[in-house]
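Below is run26.pdb, holding PDB, C-alpha atoms.
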MODEL        1
ATOM      1  CA  MET A   1       0.000   0.000   0.000
ATOM      2  CA  LEU A   2       1.307   3.441  -0.941
ATOM      3  CA  GLU A   3       1.681   6.054   1.772
ATOM      4  CA  ILE A   4       1.881   9.780   1.030
ATOM      5  CA  ARG A   5       3.715  11.861   3.597
ATOM      6  CA  LYS A   6       5.595  15.127   3.950
ATOM      7  CA  GLY A   7       9.182  14.705   2.835
ATOM      8  CA  THR A   8      12.208  15.390   4.995
ATOM      9  CA  ILE A   9      15.865  16.181   4.414
ATOM     10  CA  ARG A  10      16.513  12.406   4.483
ATOM     11  CA  ASP A  11      14.394  12.103   1.321
ATOM     12  CA  THR A  12      16.630  14.467  -0.684
ATOM     13  CA  GLU A  13      18.992  11.872  -2.169
ATOM     14  CA  PRO A  14      16.211   9.372  -3.047
ATOM     15  CA  LEU A  15      14.343  12.308  -4.667
ATOM     16  CA  ILE A  16      17.359  13.220  -6.786
ATOM     17  CA  ASP A  17      17.817   9.560  -7.801
ATOM     18  CA  LEU A  18      14.131   9.246  -8.754
ATOM     19  CA  MET A  19      14.229  12.477 -10.778
ATOM     20  CA  VAL A  20      17.213  11.220 -12.769
ATOM     21  CA  LEU A  21      15.611   7.796 -13.336
ATOM     22  CA  VAL A  22      12.325   9.319 -14.512
ATOM     23  CA  ARG A  23      14.010  11.777 -16.887
ATOM     24  CA  GLN A  24      16.225   9.031 -18.342
ATOM     25  CA  SER A  25      13.142   6.912 -19.053
ATOM     26  CA  MET A  26      11.288   9.733 -20.855
ATOM     27  CA  GLU A  27      10.996   9.824 -24.628
ATOM     28  CA  HIS A  28      10.673  13.632 -24.603
ATOM     29  CA  LYS A  29      13.307  14.708 -22.087
ATOM     30  CA  GLU A  30      12.652  18.405 -22.783
ATOM     31  CA  TRP A  31       9.304  18.012 -21.028
ATOM     32  CA  LEU A  32      10.990  17.675 -17.623
ATOM     33  CA  TYR A  33      13.428  20.291 -16.398
ATOM     34  CA  LEU A  34      15.453  19.193 -13.378
ATOM     35  CA  ASP A  35      17.294  21.526 -11.062
ATOM     36  CA  PRO A  36      20.928  20.483 -10.594
ATOM     37  CA  PRO A  37      21.352  18.100  -7.619
ATOM     38  CA  ASP A  38      23.378  20.620  -5.601
ATOM     39  CA  GLU A  39      20.591  23.178  -6.067
ATOM     40  CA  VAL A  40      17.970  20.664  -4.894
ATOM     41  CA  ARG A  41      20.088  19.939  -1.810
ATOM     42  CA  ARG A  42      20.515  23.662  -1.095
ATOM     43  CA  MET A  43      16.794  24.423  -1.503
ATOM     44  CA  MET A  44      15.799  21.498   0.733
ATOM     45  CA  ASN A  45      18.285  22.643   3.389
ATOM     46  CA  ASP A  46      17.286  26.313   3.354
ATOM     47  CA  GLY A  47      13.518  25.694   3.235
ATOM     48  CA  THR A  48      12.923  27.113  -0.263
ATOM     49  CA  MET A  49      11.788  23.632  -1.329
ATOM     50  CA  SER A  50       9.221  21.441   0.421
ATOM     51  CA  LEU A  51       8.550  17.869  -0.548
ATOM     52  CA  TRP A  52       5.798  15.265  -0.462
ATOM     53  CA  VAL A  53       6.621  11.643  -1.178
ATOM     54  CA  SER A  54       4.711   8.480  -1.953
ATOM     55  CA  MET A  55       6.358   5.466  -0.389
ATOM     56  CA  ASP A  56       5.925   1.766  -1.016
ATOM     57  CA  GLY A  57       7.622   0.506   2.098
ATOM     58  CA  LYS A  58      11.126   1.960   1.846
ATOM     59  CA  ARG A  59      10.898   2.558  -1.924
ATOM     60  CA  MET A  60      10.014   6.023  -3.225
ATOM     61  CA  ALA A  61       7.192   5.531  -5.732
ATOM     62  CA  GLY A  62       6.697   9.221  -6.434
ATOM     63  CA  ALA A  63       7.601  12.677  -5.236
ATOM     64  CA  PHE A  64       6.372  16.235  -5.615
ATOM     65  CA  ASP A  65       8.137  19.418  -4.629
ATOM     66  CA  ILE A  66       7.047  23.002  -4.221
ATOM     67  CA  LEU A  67       9.188  26.116  -4.208
ATOM     68  CA  ARG A  68       8.659  29.384  -2.375
ATOM     69  CA  PRO A  69      10.361  31.884  -4.717
ATOM     70  CA  SER A  70       9.338  35.134  -2.968
ATOM     71  CA  LEU A  71      10.793  37.976  -5.081
ATOM     72  CA  ALA A  72      13.539  35.855  -6.693
ATOM     73  CA  PRO A  73      13.969  36.398 -10.454
ATOM     74  CA  PHE A  74      12.749  32.842 -11.193
ATOM     75  CA  ASN A  75       9.271  33.538  -9.740
ATOM     76  CA  TYR A  76       6.742  32.543 -12.433
ATOM     77  CA  GLY A  77       4.545  35.448 -11.348
ATOM     78  CA  TYR A  78       6.810  37.824 -13.248
ATOM     79  CA  THR A  79       5.702  36.182 -16.513
ATOM     80  CA  ILE A  80       2.140  37.382 -15.908
ATOM     81  CA  GLY A  81       2.933  40.768 -14.358
ATOM     82  CA  LEU A  82       2.012  40.142 -10.718
ATOM     83  CA  SER A  83       2.550  42.930  -8.185
ATOM     84  CA  ASN A  84       5.276  42.589  -5.545
ATOM     85  CA  GLU A  85       2.572  41.835  -2.979
ATOM     86  CA  ASP A  86       1.179  38.995  -5.083
ATOM     87  CA  LEU A  87       4.650  37.716  -6.038
ATOM     88  CA  GLN A  88       5.209  36.986  -2.355
ATOM     89  CA  LYS A  89       2.110  34.738  -2.341
ATOM     90  CA  VAL A  90       3.337  32.598  -5.249
ATOM     91  CA  ILE A  91       4.095  28.936  -4.651
ATOM     92  CA  HIS A  92       5.641  26.972  -7.514
ATOM     93  CA  MET A  93       3.956  23.609  -7.824
ATOM     94  CA  ASP A  94       7.263  22.496  -9.202
ATOM     95  CA  THR A  95       8.210  18.943 -10.116
ATOM     96  CA  VAL A  96       6.275  15.697  -9.940
ATOM     97  CA  VAL A  97       8.081  12.452 -10.657
ATOM     98  CA  VAL A  98       6.575   8.971 -10.552
ATOM     99  CA  HIS A  99       8.678   5.827 -10.755
ATOM    100  CA  PRO A 100       7.859   3.928 -13.982
ATOM    101  CA  ASP A 101       6.637   0.935 -11.924
ATOM    102  CA  TYR A 102       3.926   3.109 -10.314
ATOM    103  CA  ARG A 103       2.531   5.005 -13.286
ATOM    104  CA  GLY A 104      -1.205   4.885 -13.868
ATOM    105  CA  LEU A 105      -2.106   4.980 -10.158
ATOM    106  CA  GLY A 106      -2.961   8.687 -10.065
ATOM    107  CA  LEU A 107       0.079   9.578  -7.958
ATOM    108  CA  GLN A 108       0.716  12.909  -9.678
ATOM    109  CA  LYS A 109      -2.743  14.152  -8.779
ATOM    110  CA  ARG A 110      -2.701  12.638  -5.273
ATOM    111  CA  LEU A 111       0.670  14.176  -4.444
ATOM    112  CA  MET A 112      -0.369  17.604  -5.733
ATOM    113  CA  GLN A 113      -3.684  17.480  -3.867
ATOM    114  CA  THR A 114      -1.977  16.497  -0.613
ATOM    115  CA  ALA A 115       0.389  19.452  -0.911
ATOM    116  CA  GLU A 116      -2.440  21.805  -1.871
ATOM    117  CA  THR A 117      -4.509  20.760   1.160
ATOM    118  CA  GLU A 118      -1.628  21.614   3.479
ATOM    119  CA  LEU A 119      -0.918  24.879   1.675
ATOM    120  CA  SER A 120      -4.563  25.997   1.800
ATOM    121  CA  LYS A 121      -4.544  25.614   5.600
ATOM    122  CA  ALA A 122      -1.535  27.945   5.757
ATOM    123  CA  GLY A 123      -3.254  30.927   4.113
ATOM    124  CA  GLN A 124      -3.791  32.574   0.765
ATOM    125  CA  HIS A 125      -1.494  31.444  -2.023
ATOM    126  CA  ILE A 126      -1.174  31.770  -5.766
ATOM    127  CA  LEU A 127      -0.196  28.346  -7.052
ATOM    128  CA  MET A 128       1.722  28.391 -10.310
ATOM    129  CA  CYS A 129       3.273  25.718 -12.464
ATOM    130  CA  MET A 130       4.755  25.236 -15.907
ATOM    131  CA  VAL A 131       3.921  22.398 -18.260
ATOM    132  CA  HIS A 132       5.204  21.656 -21.742
ATOM    133  CA  PRO A 133       2.174  22.026 -24.079
ATOM    134  CA  GLU A 134       2.735  18.572 -25.617
ATOM    135  CA  ASN A 135       2.875  16.836 -22.228
ATOM    136  CA  ARG A 136      -0.838  16.032 -22.367
ATOM    137  CA  TYR A 137      -0.886  13.828 -19.273
ATOM    138  CA  SER A 138       0.554  16.497 -16.973
ATOM    139  CA  LEU A 139      -1.327  19.315 -18.668
ATOM    140  CA  ASN A 140      -4.696  17.560 -18.384
ATOM    141  CA  ASN A 141      -3.866  16.628 -14.813
ATOM    142  CA  VAL A 142      -3.306  20.217 -13.670
ATOM    143  CA  LEU A 143      -6.193  21.600 -15.741
ATOM    144  CA  SER A 144      -8.517  19.055 -14.097
ATOM    145  CA  GLN A 145      -7.424  20.424 -10.702
ATOM    146  CA  GLY A 146      -8.595  23.945 -11.508
ATOM    147  CA  TYR A 147      -5.465  25.562 -12.933
ATOM    148  CA  THR A 148      -5.822  27.900 -15.891
ATOM    149  CA  ILE A 149      -3.293  28.675 -18.605
ATOM    150  CA  CYS A 150      -2.148  32.300 -18.282
ATOM    151  CA  THR A 151       0.525  32.515 -20.956
ATOM    152  CA  THR A 152       3.048  30.468 -22.907
ATOM    153  CA  VAL A 153       6.759  31.286 -22.630
ATOM    154  CA  ASP A 154      10.124  30.003 -23.767
ATOM    155  CA  MET A 155      11.788  28.632 -20.649
ATOM    156  CA  TYR A 156      14.015  25.724 -19.636
ATOM    157  CA  GLY A 157      15.091  25.196 -23.231
ATOM    158  CA  SER A 158      11.614  24.867 -24.783
ATOM    159  CA  ILE A 159       8.106  26.301 -24.564
ATOM    160  CA  ARG A 160       5.993  26.048 -21.407
ATOM    161  CA  HIS A 161       2.441  26.944 -20.458
ATOM    162  CA  VAL A 162       2.331  29.010 -17.270
ATOM    163  CA  LEU A 163      -0.677  27.953 -15.190
ATOM    164  CA  ARG A 164      -2.274  29.501 -12.092
ATOM    165  CA  LYS A 165      -4.700  28.572  -9.341
ATOM    166  CA  ASP A 166      -5.606  30.696  -6.306
ATOM    167  CA  ILE A 167      -6.293  29.039  -2.947
ATOM    168  CA  GLY A 168      -6.881  30.042   0.665
TER     169      GLY A 168
ENDMDL
END

Hey, can you dump this file as structure tokens for me?
Amino acid sequence: MLEIRKGTIRDTEPLIDLMVLVRQSMEHKEWLYLDPPDEVRRMMNDGTMSLWVSMDGKRMAGAFDILRPSLAPFNYGYTIGLSNEDLQKVIHMDTVVVHPDYRGLGLQKRLMQTAETELSKAGQHILMCMVHPENRYSLNNVLSQGYTICTTVDMYGSIRHVLRKDIG
């Protein structure tokens, strides 16, 4: 049985390993941008990144991270002209990875919904994510959760839809 729980620092290395495995197994590698491992470690350590994981015993079946960009230049809110006040409410619903053995179980949606439930209890947020337009599975997944496409930009080496959902 799969358990979803909040990730910890101890999950950082298994997360990095799963991200690499998932990207290597993808036909369209440009659909998944991965932060460099040292950046993931830094963001987990300084609290910029939070993590939710799906575990099958001791095996990581899936993982989902969020980023709190505040006024950093990489805040997606800049792409749609948000005010400084609203930029500080932005949460990046960043990267979802599911081990190939666990695909088709709805883990992407379950992980995102678990994170969103916790975030909504913490106050008002503007949830934003980017999805490659041809990545129909991920795009349909986030659209079905109430996100709307705001714009399309060239980022991470290819085009991306910028999506938004307000909660809290």

Emit as JSON the padded axis-aligned box for all listed atoms of segment 153-159 of chain A, 6 Å per side, with centre and edge lengths in Å to one decimal.
{"center_x": 10.9, "center_y": 28.1, "center_z": -22.2, "size_x": 20.3, "size_y": 18.4, "size_z": 17.1}

Output as a Markdown table one row per residue of segment 133-160 of chain A within 7 Å of segment 16-34 of chain A: the closest atom pair and its distance in Å to one decimal place, counting all atoms listed in the file, sorted by chain and residue number ascending.
| residue | atom | partner | partner_atom | distance |
| --- | --- | --- | --- | --- |
| A:Asn135 | CA | A:Trp31 | CA | 6.6 |
| A:Tyr156 | CA | A:Tyr33 | CA | 6.4 |
| A:Ser158 | CA | A:Glu30 | CA | 6.8 |

Taking the file as shown, find all residues satisfying the PyMOL selection byres ((chain A and resi 47-57) around 8) and write them as a ChimeraX atom specification. /A:1-8,40,43-46,58-69,107,111,114-115

Rows by chain and residue number, segment 124-157 of chain A within 9 Å of segment 73-86 of chain A, shortest pair, only C-alpha atoms, as a Markdown table:
| residue | atom | partner | partner_atom | distance |
| --- | --- | --- | --- | --- |
| A:His125 | CA | A:Asp86 | CA | 8.6 |
| A:Ile126 | CA | A:Asp86 | CA | 7.6 |
| A:Met128 | CA | A:Tyr76 | CA | 6.9 |
| A:Cys129 | CA | A:Tyr76 | CA | 7.7 |
| A:Met130 | CA | A:Tyr76 | CA | 8.3 |
| A:Cys150 | CA | A:Ile80 | CA | 7.1 |
| A:Thr151 | CA | A:Ile80 | CA | 7.2 |
| A:Thr152 | CA | A:Thr79 | CA | 9.0 |
| A:Val153 | CA | A:Thr79 | CA | 7.9 |

Could you tell me which of A:Asp35, A:Asp94, A:Glu134, A:Asp166 comes closest to Met112 of chain A if we count all atoms listed in the file?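 Smallest distance to Met112 of chain A is found for A:Asp94.
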
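Non-sequential neighbours of Ser70 of chain A (distance at most 8 Å, separation of 2 or more positions within a chain, all atoms listed in the file) are Arg68, Ala72, Asn75, Leu87, Gln88, Lys89 and Val90 of chain A.
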
Protein, DNA and RNA residues within 12 Å of (-5.9, 15.6, -7.4), all atoms listed in the file, as a CSV table (one decimal) with C-alpha atoms, in the coordinates of the input:
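Once everything was written out, this is part-v1.csv:
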chain,number,residue,atom,x,y,z
A,105,LEU,CA,-2.1,5.0,-10.2
A,106,GLY,CA,-3.0,8.7,-10.1
A,107,LEU,CA,0.1,9.6,-8.0
A,108,GLN,CA,0.7,12.9,-9.7
A,109,LYS,CA,-2.7,14.2,-8.8
A,110,ARG,CA,-2.7,12.6,-5.3
A,111,LEU,CA,0.7,14.2,-4.4
A,112,MET,CA,-0.4,17.6,-5.7
A,113,GLN,CA,-3.7,17.5,-3.9
A,114,THR,CA,-2.0,16.5,-0.6
A,115,ALA,CA,0.4,19.5,-0.9
A,116,GLU,CA,-2.4,21.8,-1.9
A,117,THR,CA,-4.5,20.8,1.2
A,138,SER,CA,0.6,16.5,-17.0
A,140,ASN,CA,-4.7,17.6,-18.4
A,141,ASN,CA,-3.9,16.6,-14.8
A,142,VAL,CA,-3.3,20.2,-13.7
A,143,LEU,CA,-6.2,21.6,-15.7
A,144,SER,CA,-8.5,19.1,-14.1
A,145,GLN,CA,-7.4,20.4,-10.7
A,146,GLY,CA,-8.6,23.9,-11.5
A,147,TYR,CA,-5.5,25.6,-12.9

Restricting the calculation to all atoms listed in the file, which member of A:Val97, A:Leu163, A:Met155, A:Leu127 is positioned closest to Leu139 of chain A?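 Ranking A:Val97, A:Leu163, A:Met155, A:Leu127 by distance to Leu139 of chain A, first place goes to A:Leu163.
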
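Here atom CA of Arg42 of chain A stands at a distance of 28.0 Å from atom CA of Tyr102 of chain A.
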
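The space between atom CA of Val162 of chain A and atom CA of Leu71 of chain A spans 17.3 Å.
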
In Å, with one decimal, what is the gap from atom CA of Pro14 of chain A to atom CA of His161 of chain A?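 Between atom CA of Pro14 of chain A and atom CA of His161 of chain A the gap works out to 28.3 Å.
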
Which one of A:His99, A:Lys121, A:His92, A:Arg10 sits closest to Arg164 of chain A if you count all atoms listed in the file?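 Closest to Arg164 of chain A, using all atoms listed in the file: A:His92.
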
With all atoms listed in the file as the basis for distance, which of A:Leu119, A:Val98, A:Ile91, A:Ile9 is at the shortest distance from Gly168 of chain A?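 Ranking A:Leu119, A:Val98, A:Ile91, A:Ile9 by distance to Gly168 of chain A, first place goes to A:Leu119.
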